[in-house]
>>> print(open('start-v3.txt').read())   # compact mmCIF, C-alpha atoms
# COMPACT_ATOMS: atom_id res chain seq x y z
CA MET A 1 116.99 -3.94 13.44
CA ASN A 2 114.11 -3.82 11.02
CA LYS A 3 112.91 -0.74 9.11
CA LYS A 4 109.70 -0.47 11.06
CA ARG A 5 111.52 -0.02 14.32
CA VAL A 6 113.88 2.56 12.85
CA LEU A 7 110.99 4.58 11.50
CA THR A 8 109.31 4.46 14.90
CA LEU A 9 112.42 5.85 16.62
CA ILE A 10 112.79 8.60 14.01
CA LEU A 11 109.16 9.60 14.43
CA THR A 12 109.56 9.59 18.18
CA VAL A 13 112.62 11.89 17.97
CA VAL A 14 110.87 14.25 15.51
CA ILE A 15 107.77 14.45 17.66
CA ALA A 16 109.81 15.10 20.78
CA ALA A 17 111.74 17.86 19.00
CA SER A 18 108.52 19.42 17.72
CA LEU A 19 106.98 19.41 21.17
CA THR A 20 110.10 20.98 22.64
CA ALA A 21 110.09 23.74 20.00
CA LEU A 22 106.40 24.33 20.49
CA MET A 23 106.73 24.66 24.28
CA THR A 24 109.69 27.04 23.95
CA GLY A 25 107.74 29.23 21.55
CA CYS A 26 104.74 29.32 23.88
CA ALA A 27 106.90 30.31 26.79
CA ALA A 28 108.44 33.13 24.73
CA SER A 29 105.06 34.44 23.67
CA VAL A 30 103.37 34.35 27.12
CA THR A 31 101.51 37.64 27.83
CA TYR A 32 100.38 39.09 31.09
CA LEU A 33 96.69 39.05 31.88
CA ASP A 34 96.62 42.82 32.41
CA GLY A 35 98.38 43.36 29.06
CA ALA A 36 101.62 44.63 30.64
CA GLY A 37 105.02 43.02 30.39
CA PRO A 38 107.91 42.97 32.85
CA GLU A 39 108.89 46.52 31.99
CA SER A 40 105.30 47.71 32.52
CA GLY A 41 105.30 46.01 35.97
CA ALA A 42 108.47 47.87 36.99
CA ALA A 43 106.91 51.15 35.87
CA ALA A 44 103.84 50.38 37.93
CA GLU A 45 106.01 49.77 40.97
CA GLU A 46 107.83 53.07 40.40
CA SER A 47 104.48 54.83 40.00
CA ALA A 48 103.21 53.26 43.22
CA GLU A 49 106.36 54.38 45.04
CA ALA A 50 105.93 57.87 43.63
CA ASP A 51 102.29 57.92 44.78
CA SER A 52 103.37 56.73 48.24
CA THR A 53 106.04 59.44 48.42
CA ALA A 54 103.50 62.07 47.37
CA ALA A 55 101.05 60.80 49.98
CA ASP A 56 103.77 60.97 52.65
CA SER A 57 104.61 64.51 51.54
CA ASP A 58 100.95 65.51 51.75
CA GLU A 59 100.72 64.03 55.22
CA ASP A 60 103.86 65.94 56.28
CA GLU A 61 102.40 69.15 54.88
CA ASP A 62 99.09 68.50 56.67
CA ALA A 63 100.96 67.84 59.92
CA ALA A 64 103.01 71.04 59.45
CA ASP A 65 99.82 73.01 58.75
CA ALA A 66 98.21 71.52 61.85
CA GLU A 67 101.24 72.51 63.95
CA ASP A 68 101.15 76.04 62.51
CA GLU A 69 97.44 76.35 63.29
CA SER A 70 98.04 75.01 66.81
CA SER A 71 100.89 77.47 67.31
CA GLU A 72 98.74 80.36 66.04
CA ALA A 73 95.92 79.30 68.36
CA GLU A 74 98.32 79.21 71.32
CA ASP A 75 99.68 82.66 70.38
CA GLU A 76 96.14 84.04 70.17
CA GLU A 77 95.28 82.52 73.57
CA SER A 78 98.48 83.99 75.02
CA GLU A 79 97.65 87.42 73.58
CA GLU A 80 94.11 87.20 74.95
CA GLU A 81 95.44 86.25 78.40
CA GLU A 82 97.96 89.13 78.32
CA SER A 83 95.22 91.51 77.19
CA SER A 84 92.95 90.26 79.98
CA GLU A 85 95.73 90.69 82.56
CA GLU A 86 96.42 94.21 81.29
CA GLU A 87 92.72 95.08 81.53
CA GLU A 88 92.55 93.67 85.08
CA SER A 89 95.69 95.63 86.00
CA GLU A 90 94.16 98.82 84.55
CA GLU A 91 90.92 98.18 86.45
CA GLU A 92 92.83 97.62 89.71
CA SER A 93 94.87 100.76 89.10
CA SER A 94 91.67 102.69 88.38
CA GLU A 95 90.08 101.34 91.56
CA GLU A 96 93.17 102.29 93.59
CA GLU A 97 93.16 105.78 92.11
CA SER A 98 89.45 106.07 92.84
CA SER A 99 90.03 104.88 96.41
CA GLU A 100 92.86 107.39 96.88
CA ALA A 101 90.67 110.16 95.46
CA GLU A 102 87.85 109.21 97.83
CA LYS A 103 90.27 109.24 100.77
CA GLU A 104 91.54 112.66 99.78
CA GLU A 105 87.98 113.97 99.42
CA SER A 106 87.09 112.48 102.80
CA SER A 107 90.20 114.01 104.38
CA GLU A 108 89.40 117.39 102.82
CA ALA A 109 85.83 117.13 104.08
CA VAL A 110 87.11 116.42 107.61
CA GLU A 111 89.51 119.35 107.41
CA GLU A 112 86.74 121.60 106.16
CA SER A 113 84.50 120.39 108.96
CA LYS A 114 87.23 121.12 111.49
CA ALA A 115 87.79 124.53 109.96
CA GLU A 116 84.07 125.27 110.23
CA ASP A 117 84.02 124.07 113.83
CA ASN A 118 87.06 126.17 114.66
CA ALA A 119 85.63 129.22 112.92
CA GLU A 120 84.09 130.23 116.24
CA GLY A 121 86.66 128.37 118.33
CA ALA A 122 90.06 129.57 119.52
CA VAL A 123 93.69 129.44 118.44
CA ILE A 124 96.24 129.09 121.22
CA LYS A 125 100.03 128.85 121.30
CA PHE A 126 102.56 127.38 123.69
CA LYS A 127 106.28 128.17 123.92
CA LYS A 128 108.11 124.91 124.62
CA PRO A 129 110.80 124.98 127.32
CA ASP A 130 114.25 123.88 126.07
CA SER A 131 114.29 120.97 128.51
CA TRP A 132 111.09 119.46 127.12
CA GLY A 133 110.92 116.80 124.51
CA ASP A 134 109.38 117.26 121.08
CA GLY A 135 105.83 116.33 120.10
CA ILE A 136 104.01 118.84 122.26
CA LYS A 137 100.35 118.08 122.98
CA ALA A 138 97.34 120.03 124.22
CA TYR A 139 94.84 118.44 126.59
CA VAL A 140 91.66 120.54 126.46
CA TYR A 141 88.71 119.80 128.74
CA LEU A 142 85.56 121.08 130.35
CA SER A 143 85.25 118.05 132.64
CA ASP A 144 86.69 114.57 133.02
CA ALA A 145 84.08 113.30 130.56
CA ASP A 146 84.18 116.27 128.16
CA LYS A 147 87.66 116.50 126.61
CA ASN A 148 89.31 116.78 123.22
CA ALA A 149 91.04 113.37 123.60
CA ASN A 150 92.32 110.96 126.19
CA TRP A 151 95.49 112.01 127.99
CA PRO A 152 97.96 113.32 126.84
CA GLY A 153 95.63 115.08 124.37
CA GLU A 154 96.08 116.03 120.72
CA ALA A 155 99.31 116.98 118.93
CA MET A 156 100.01 120.65 118.44
CA THR A 157 101.45 122.16 115.24
CA ASP A 158 105.15 122.98 115.34
CA ASN A 159 105.60 126.54 114.10
CA GLY A 160 109.37 126.11 113.75
CA ASP A 161 110.23 128.99 116.09
CA GLY A 162 109.95 127.14 119.38
CA THR A 163 106.20 127.69 119.61
CA TYR A 164 103.34 125.28 118.94
CA SER A 165 99.77 126.08 117.85
CA TYR A 166 96.46 124.35 118.46
CA ASN A 167 92.89 125.03 117.28
CA VAL A 168 90.39 124.62 120.11
CA ASP A 169 86.95 123.47 118.94
CA LYS A 170 84.11 125.96 119.39
CA HIS A 171 82.32 123.38 121.53
CA PHE A 172 84.76 124.02 124.35
CA MET A 173 84.58 127.78 123.88
CA GLU A 174 80.80 127.58 124.34
CA GLY A 175 81.36 125.97 127.75
CA THR A 176 82.35 127.57 131.03
CA ASP A 177 86.06 128.19 131.52
CA PRO A 178 87.55 125.53 129.23
CA LYS A 179 91.02 124.56 130.35
CA VAL A 180 94.20 123.31 128.65
CA VAL A 181 97.24 121.40 129.86
CA PHE A 182 100.39 121.41 127.69
CA ASN A 183 102.76 118.44 127.84
CA ASP A 184 105.43 116.53 125.90
CA GLY A 185 103.78 113.15 126.42
CA GLY A 186 106.24 112.36 129.20
CA LYS A 187 106.86 113.75 132.66
CA ASN A 188 106.75 117.43 131.67
CA GLN A 189 103.52 119.41 131.72
CA ALA A 190 102.29 122.94 132.29
CA PRO A 191 100.72 123.84 134.54
CA LYS A 192 101.85 121.29 137.10
CA SER A 193 98.28 120.90 138.33
CA GLY A 194 94.91 121.99 137.06
CA GLY A 195 94.90 123.77 133.72
CA PHE A 196 95.21 127.17 132.04
CA ILE A 197 91.94 128.82 131.05
CA VAL A 198 91.67 128.78 127.25
CA LYS A 199 91.75 132.27 125.72
CA ASP A 200 91.61 132.85 121.99
CA GLY A 201 94.93 134.13 120.61
CA GLN A 202 96.76 133.59 123.88
CA GLU A 203 100.40 132.41 123.91
CA TYR A 204 101.34 130.36 126.96
CA ASP A 205 104.58 129.18 128.53
CA GLU A 206 105.33 127.09 131.61
CA ASN A 207 105.37 130.17 133.84
CA TYR A 208 102.09 131.63 132.54
CA SER A 209 99.56 132.67 135.17
CA ASP A 210 95.88 133.42 134.60
>>> encode(input="start-v3.txt", output="structure tokens")
Amino acid sequence: MNKKRVLTLILTVVIAASLTALMTGCAASVTYLDGAGPESGAAAEESAEADSTAADSDEDEDAADAEDESSEAEDEESEEEESSEEEESEEESSEEESSEAEKEESSEAVEESKAEDNAEGAVIKFKKPDSWGDGIKAYVYLSDADKNANWPGEAMTDNGDGTYSYNVDKHFMEGTDPKVVFNDGGKNQAPKSGGFIVKDGQEYDENYSD
């Protein structure tokens, strides 16, 4: 081997070694384009995860707030409905009370009217026989068309002592010989035929005779 060839090999080895060292040094000194190394990249990832967690937390809080607002809205609607139902109930109760009051006033007016009519009428009594049923009635008439009610007449007031009372309207007393038939709504009546002449303050029984 000649010297020239040996020198060429040595140069080749030296150059190869230099290139290897140069490449290793370049690799060791490589920098990131954004100026951050591996550790900086890990920190960025941790920061991103932290931001994501915070965002998730904010979303959860927003969702919770939305649920609370929805629940409050539902409670308010429920309270409004209950309040409305209570108001309607109070209005219905007021209307019922008003209706009852009107009925009472109407009833009182009718009673007053009857009292006025009977002011110049007559009060009669009838002593019920023991064999008769309860619910004694008085059938008062001037004619078949002019009567206090259809047969068997109107109910008399039980006085609790075996006698019954009835107020005869003044209309009948203004007529000629108004008559009355007492009965228990069944087969019993007095008199058996015709009628007793109505006399104010008179007390009748089944054996009464005009």
>>> residues_around(input="start-v3.txt", residues="segment 172-187 of chain A", least_positions_apart="5", cutoff="6 Å", atoms="all atoms listed in the file", output="list in words")
Gly121, Gly133, Gly135, Ile136, Lys137, Ala138, Tyr139, Val140, Tyr141, Leu142, Pro152, Gly195, Phe196, Ile197 and Val198 of chain A
>>> atom_distance(input="start-v3.txt", atom1="atom CA of Lys125 of chain A", atom2="atom CA of Gly201 of chain A")
7.4 Å
>>> atom_distance(input="start-v3.txt", atom1="atom CA of Lys128 of chain A", atom2="atom CA of Asp205 of chain A")
6.8 Å
>>> axis_aligned_box(input="start-v3.txt", around="segment 194-197 of chain A", padding_each_side="4 Å", output="JSON")
{"center_x": 93.6, "center_y": 125.4, "center_z": 134.1, "size_x": 11.3, "size_y": 14.8, "size_z": 14.0}
>>> atom_distance(input="start-v3.txt", atom1="atom CA of Thr8 of chain A", atom2="atom CA of Thr20 of chain A")
18.3 Å
>>> closest_residue(input="start-v3.txt", among="A:Glu91, A:Lys127, A:His171, A:Ser18", to="Asp146 of chain A", atoms="only C-alpha atoms")
A:His171
